Amino acid sequence: MIRFAAARVRYPGQDRDALAGVTLEAPRGSVTAVVGPNGSGKSTLVRALLGRVPLAEGAITLDGAAVRDADRTSIARRVAVVTQREELVFPMPVREYVALGRLPHLGRWGQGSAADRDAVDAAMARAEVDGLADRPVQELSGGEWQRARFARALAQGGEAFVADEPTTFLDVAHEMAVFELLGALAREGRAVLLVSHQLNLVARFADRLILLHDGRVAAAGGVNDVMQAPILENVYGWPLVVTRDPAVGAPALVPLRRGSGTPP
Amino acid sequence: MTARRWFLLLLAIPAALLLAVVAGTIDVGVREALAALAGRGDETTQFVVRGLRLPRAVLALLLGAALGMSGTALQGVLRNALAEPYLLGVSGGAAVGAVLAIMAGLALALVPLAAFAGAVAAVTLALFVAHAARGRADPRVLVMAGVVVGAFANAVIMVLLARADLNAVRGAMWWMMGSVANATWGQAAWLAVYLLLGGVALVAHGRSLDALSLGDDAAAGLGVAVERTARRVYLAASFVAAATVAAAGLVGFVGLVVPHIARRVAAGAGHRTVLLVSAACGGVLVVLADLVARMALPPADLPLGAVTAMIGVPFFLATLRRMT
């Protein structure tokens, strides 16, 4: 559904591409996870989708239609994005914050309709922030704020859901809740595109993995195809082994201490 | 925002206007003032109330409303609680235009036009500097560009005044300190037109301002065309602020203080509400400030800009302290 075709991005003043011809696809009904080391181009991928950085070459398409030719509002109706960076300067209550998710659905002068209010209520309940409605967002804990951001993206609706490093600052329980939610969204038929550092969790929840390295796709495919020690070692530049998680059976990466060699 | 708050806020406007009409060196009772407003009573009172005090109070009201809205919009779009027309060089540019016009001996009616041209030039220059410094309109770069343009405008005024004759200097100084003392209904009418045009444009962008307050990436995710929207808000806010400089010279700090008060009053509501509340709060604040300007040291009329600076500077420092 979301497709990057040979997408190339270079930031002004840089001498190398942040994305050097990336082709990938996030189909409906599955969780597609983009992983890779710092600076591999993961977040640039999201920013390019948002139109925040221009493509030098290639294209990003939604169901075959180029994002470049569509206006931002119509894209926002179809793709909800939980962005990584957010700087809230002025106080805003949680409900107002979540209600911003309905922005692409309102007319210029439009007050929210009953359907908009219902969508906000449902999103707040699903992300478990309904008890925080009147609290200023600035006073929330990191985990609560992240749930409020998810609620906003859920209220936004659409067929695709993109999350950029959604589990930063979250404890184990909240981390798991986020991944379960992403899995549920995919099962409901949405295209879920997830950018994450958490290789091991991603390996449990994602249907497809895309490993980025220096702005290129180093490996892509099923979880077992990508979670291979030689591939990951090469990309991360660190000795590691890939084993099976004894409890859940998913492939799990274990980084080694330098000089310790491979354990028996 | 609750209906009760709206009611009290809207009630404050006629109350402030009435106070401004009643108070002054010539005592006018409330009943007399109301009679004079209705065109009854003795002619002197009618002249004082309808010819002098009311246009002055109405101009102050419009000035405050315009500066309040402009400040709120600029703070929102720049995500900067210290932003206001001054900080962004808009007012400085307008002052350069005005001083140039006064020195060139242009008819007084042409001075506002020159001020507006100066403000537009300053906005354009600030946007250009910001654009040249970074490929895109980064809010922080824009603030810095505005400060630089404002400093440049000050320097230009100093150079211009160095060799000017005393009358021109006095006229220019009066302009730079801001005043509604010579208010006319004509001035008030065209400021109202500018305020209406700019205000409607700003309120129309209220929801986008809410989204922009989350950051550019998040706003883009919500369907906001970030650069285009920011540019429009910046221009509309400058348009409104330049109109105030043309009408009454440089009145500082209103655009800084009012948004903070309005956000308190609006209690977490979005920018559309905060913009409207800013207009009301700003209007009332400047009417009261002008009352202080008239009454503090009679018979002298203090410059309005000096009074607002007395209120604004401690507020600026307190805000700065909270931020750091």
# chains A, B, ... in the order shown; residues from 1 in each chain; ligands from 1
call {"tool": "residues_around", "arguments": {"residues": "Tyr236 (chain A)", "least_positions_apart": "6", "cutoff": "12 Å", "atoms": "only C-alpha atoms", "output": "PDB file with C-alpha atoms, in the first residue's frame"}}
result
ATOM      1  CA  VAL A  35      15.343  -1.402  11.313  1.00  0.00           C
ATOM      2  CA  GLY A  36      18.956  -0.344  11.095  1.00  0.00           C
ATOM      3  CA  PRO A  37      21.715   1.465  12.946  1.00  0.00           C
ATOM      4  CA  ASN A  38      21.696   5.165  13.801  1.00  0.00           C
ATOM      5  CA  GLY A  39      22.016   7.287  10.682  1.00  0.00           C
ATOM      6  CA  SER A  40      20.930   4.492   8.370  1.00  0.00           C
ATOM      7  CA  HIS A 197      15.610   0.209  17.168  1.00  0.00           C
ATOM      8  CA  LEU A 199      15.292  -5.573  16.888  1.00  0.00           C
ATOM      9  CA  LEU A 211      17.188  -3.589   7.261  1.00  0.00           C
ATOM     10  CA  LEU A 212      18.640  -0.219   6.241  1.00  0.00           C
ATOM     11  CA  HIS A 213      22.349   0.535   6.144  1.00  0.00           C
ATOM     12  CA  ASP A 214      23.865   3.814   4.915  1.00  0.00           C
ATOM     13  CA  ALA A 218      20.839  -4.178   3.202  1.00  0.00           C
ATOM     14  CA  ALA A 229      24.048 -13.077  12.265  1.00  0.00           C
ATOM     15  CA  PRO A 230      26.359 -12.390   9.291  1.00  0.00           C
ATOM     16  CA  LEU A 253      19.874 -10.974  18.643  1.00  0.00           C
ATOM     17  CA  PRO A 255      25.346  -8.665  21.011  1.00  0.00           C
TER      18      PRO A 255
END
call {"tool": "interface_residues", "arguments": {"of": "chain A", "to": "chain B", "cutoff": "7 Å", "atoms": "only C-alpha atoms", "output": "PyMOL selection string"}}
result
chain A and resi 50+52+72-73+75-76+80-81+83+86-89+91-93+100-101+103-104+108-109
call {"tool": "write_last_selection", "arguments": {"atoms": "N, CA and C atoms", "output": "CSV table (one decimal), in the first residue's frame"}}
result
chain,number,residue,atom,x,y,z
A,50,LEU,N,6.3,12.2,4.9
A,50,LEU,CA,5.6,13.4,5.3
A,50,LEU,C,5.8,14.6,4.4
A,52,ARG,N,8.5,16.3,4.3
A,52,ARG,CA,9.4,17.2,5.0
A,52,ARG,C,10.7,17.3,4.3
A,72,ARG,N,-1.5,17.5,1.1
A,72,ARG,CA,-1.1,16.9,2.4
A,72,ARG,C,-2.4,16.5,3.2
A,73,THR,N,-3.5,17.2,3.1
A,73,THR,CA,-4.6,16.8,3.8
A,73,THR,C,-5.2,15.5,3.4
A,75,ILE,N,-3.6,13.1,2.1
A,75,ILE,CA,-2.6,12.1,2.5
A,75,ILE,C,-2.9,11.8,4.0
A,76,ALA,N,-3.1,12.9,4.8
A,76,ALA,CA,-3.2,12.7,6.2
A,76,ALA,C,-4.5,12.0,6.5
A,80,ALA,N,-1.9,7.9,9.0
A,80,ALA,CA,-1.6,8.5,10.4
A,80,ALA,C,-0.2,8.2,10.8
A,81,VAL,N,0.5,9.2,11.2
A,81,VAL,CA,1.9,9.1,11.6
A,81,VAL,C,2.1,9.5,13.0
A,83,THR,N,5.0,10.7,14.9
A,83,THR,CA,6.3,11.1,14.6
A,83,THR,C,7.2,11.0,15.8
A,86,GLU,N,8.7,15.9,18.8
A,86,GLU,CA,7.5,16.8,19.0
A,86,GLU,C,7.9,17.8,20.1
A,87,GLU,N,7.7,19.1,19.9
A,87,GLU,CA,8.0,20.1,20.9
A,87,GLU,C,6.8,20.9,21.2
A,88,LEU,N,6.1,20.6,22.3
A,88,LEU,CA,4.9,21.3,22.7
A,88,LEU,C,5.3,22.5,23.6
A,89,VAL,N,5.0,23.7,23.1
A,89,VAL,CA,5.5,24.9,23.9
A,89,VAL,C,4.4,25.4,24.8
A,91,PRO,N,0.6,24.9,26.9
A,91,PRO,CA,-0.2,23.8,27.5
A,91,PRO,C,-1.4,23.5,26.6
A,92,MET,N,-1.7,22.2,26.6
A,92,MET,CA,-2.8,21.7,25.8
A,92,MET,C,-3.4,20.5,26.6
A,93,PRO,N,-4.7,20.5,26.8
A,93,PRO,CA,-5.2,19.3,27.5
A,93,PRO,C,-5.2,18.1,26.6
A,100,LEU,N,-6.8,16.8,17.7
A,100,LEU,CA,-6.0,17.3,16.6
A,100,LEU,C,-5.9,16.3,15.5
A,101,GLY,N,-6.0,15.0,15.9
A,101,GLY,CA,-6.0,13.9,14.9
A,101,GLY,C,-7.1,14.0,13.9
A,103,LEU,N,-8.0,16.8,12.5
A,103,LEU,CA,-7.8,18.0,11.7
A,103,LEU,C,-7.9,17.7,10.2
A,104,PRO,N,-7.3,16.7,9.6
A,104,PRO,CA,-7.5,16.5,8.2
A,104,PRO,C,-8.9,16.2,7.7
A,108,ARG,N,-12.1,24.1,6.7
A,108,ARG,CA,-11.4,25.2,7.2
A,108,ARG,C,-12.0,25.8,8.5
A,109,TRP,N,-13.3,26.0,8.4
A,109,TRP,CA,-14.0,26.6,9.6
A,109,TRP,C,-14.7,25.5,10.4
call {"tool": "atom_distance", "arguments": {"atom1": "CA of Ala206 (chain A)", "atom2": "CA of Leu182 (chain A)"}}
result
9.1 Å
call {"tool": "atom_distance", "arguments": {"atom1": "CA of Ala73 (chain B)", "atom2": "CA of Pro259 (chain B)"}}
result
8.7 Å
call {"tool": "residues_around", "arguments": {"residues": "region 122-125 of chain B", "least_positions_apart": "5", "cutoff": "10 Å", "atoms": "only C-alpha atoms", "output": "ChimeraX atom specification"}}
result
/B:88-94,96-97,116-117,130-131,145-146,148-150,152-153,234-235,238-239,242
call {"tool": "select_by_dssp", "arguments": {"residues": "region 32-220 of chain B", "states": "alpha helix (DSSP H)", "output": "count of residues only"}}
result
140
call {"tool": "residues_around", "arguments": {"residues": "region 11-17 of chain A", "least_positions_apart": "5", "cutoff": "10 Å", "atoms": "only C-alpha atoms", "output": "ChimeraX atom specification"}}
result
/A:41,44,53-56,214-216 /B:134-135
call {"tool": "write_last_selection", "arguments": {"atoms": "C-alpha atoms", "output": "compact mmCIF listing (two decimals), in the first residue's frame"}}
result
# COMPACT_ATOMS: atom_id res chain seq x y z
CA GLY A 41 18.06 6.60 6.99
CA THR A 44 14.47 10.16 6.76
CA VAL A 53 12.35 16.38 2.76
CA PRO A 54 12.09 16.34 -1.03
CA LEU A 55 12.95 13.27 -3.06
CA ALA A 56 15.84 13.87 -5.44
CA ASP A 214 23.86 3.81 4.92
CA GLY A 215 20.65 4.77 3.19
CA ARG A 216 20.30 1.48 1.31
CA ARG B 134 18.69 27.49 6.10
CA GLY B 135 17.00 25.91 3.11
call {"tool": "atom_distance", "arguments": {"atom1": "CA of Glu128 (chain A)", "atom2": "CA of Arg47 (chain A)"}}
result
27.6 Å
call {"tool": "residues_around", "arguments": {"residues": "Gly21 (chain A)", "least_positions_apart": "3", "cutoff": "10 Å", "atoms": "only C-alpha atoms", "output": "ChimeraX atom specification"}}
result
/A:4-9,17-18,24,55-59,215-217
call {"tool": "write_last_selection", "arguments": {"atoms": "C-alpha atoms", "output": "CSV table (one decimal), in the first residue's frame"}}
result
chain,number,residue,atom,x,y,z
A,4,PHE,CA,9.0,3.6,-1.8
A,5,ALA,CA,10.4,3.2,-5.3
A,6,ALA,CA,14.1,3.9,-5.7
A,7,ALA,CA,13.7,6.9,-3.3
A,8,ARG,CA,16.8,9.1,-3.0
A,9,VAL,CA,17.1,11.9,-0.5
A,17,ASP,CA,22.6,10.5,0.3
A,18,ALA,CA,20.5,10.0,3.4
A,24,LEU,CA,10.3,-1.1,-0.1
A,55,LEU,CA,13.0,13.3,-3.1
A,56,ALA,CA,15.8,13.9,-5.4
A,57,GLU,CA,14.8,10.8,-7.4
A,58,GLY,CA,12.3,8.0,-7.2
A,59,ALA,CA,8.7,8.1,-5.8
A,215,GLY,CA,20.6,4.8,3.2
A,216,ARG,CA,20.3,1.5,1.3
A,217,VAL,CA,18.3,-1.7,1.9
call {"tool": "residues_around", "arguments": {"residues": "Ala101 (chain B)", "least_positions_apart": "4", "cutoff": "12 Å", "atoms": "only C-alpha atoms", "output": "list in words"}}
result
Ala94, Ala95, Val96, Gly97, Gly105, Leu106, Ala107, Leu108, Ala109, Leu110, Val111, Pro112, Leu113, Ala114, Ala115, Phe116, Ala117, Gly118, Ile157, Leu160, Ala168, Gly171, Ala172, Trp175 and Ala246 of chain B
call {"tool": "residues_around", "arguments": {"residues": "Phe205 (chain A)", "least_positions_apart": "6", "cutoff": "8 Å", "atoms": "only C-alpha atoms", "output": "VMD selection string"}}
result
chain A and resid 31 179 to 180 183
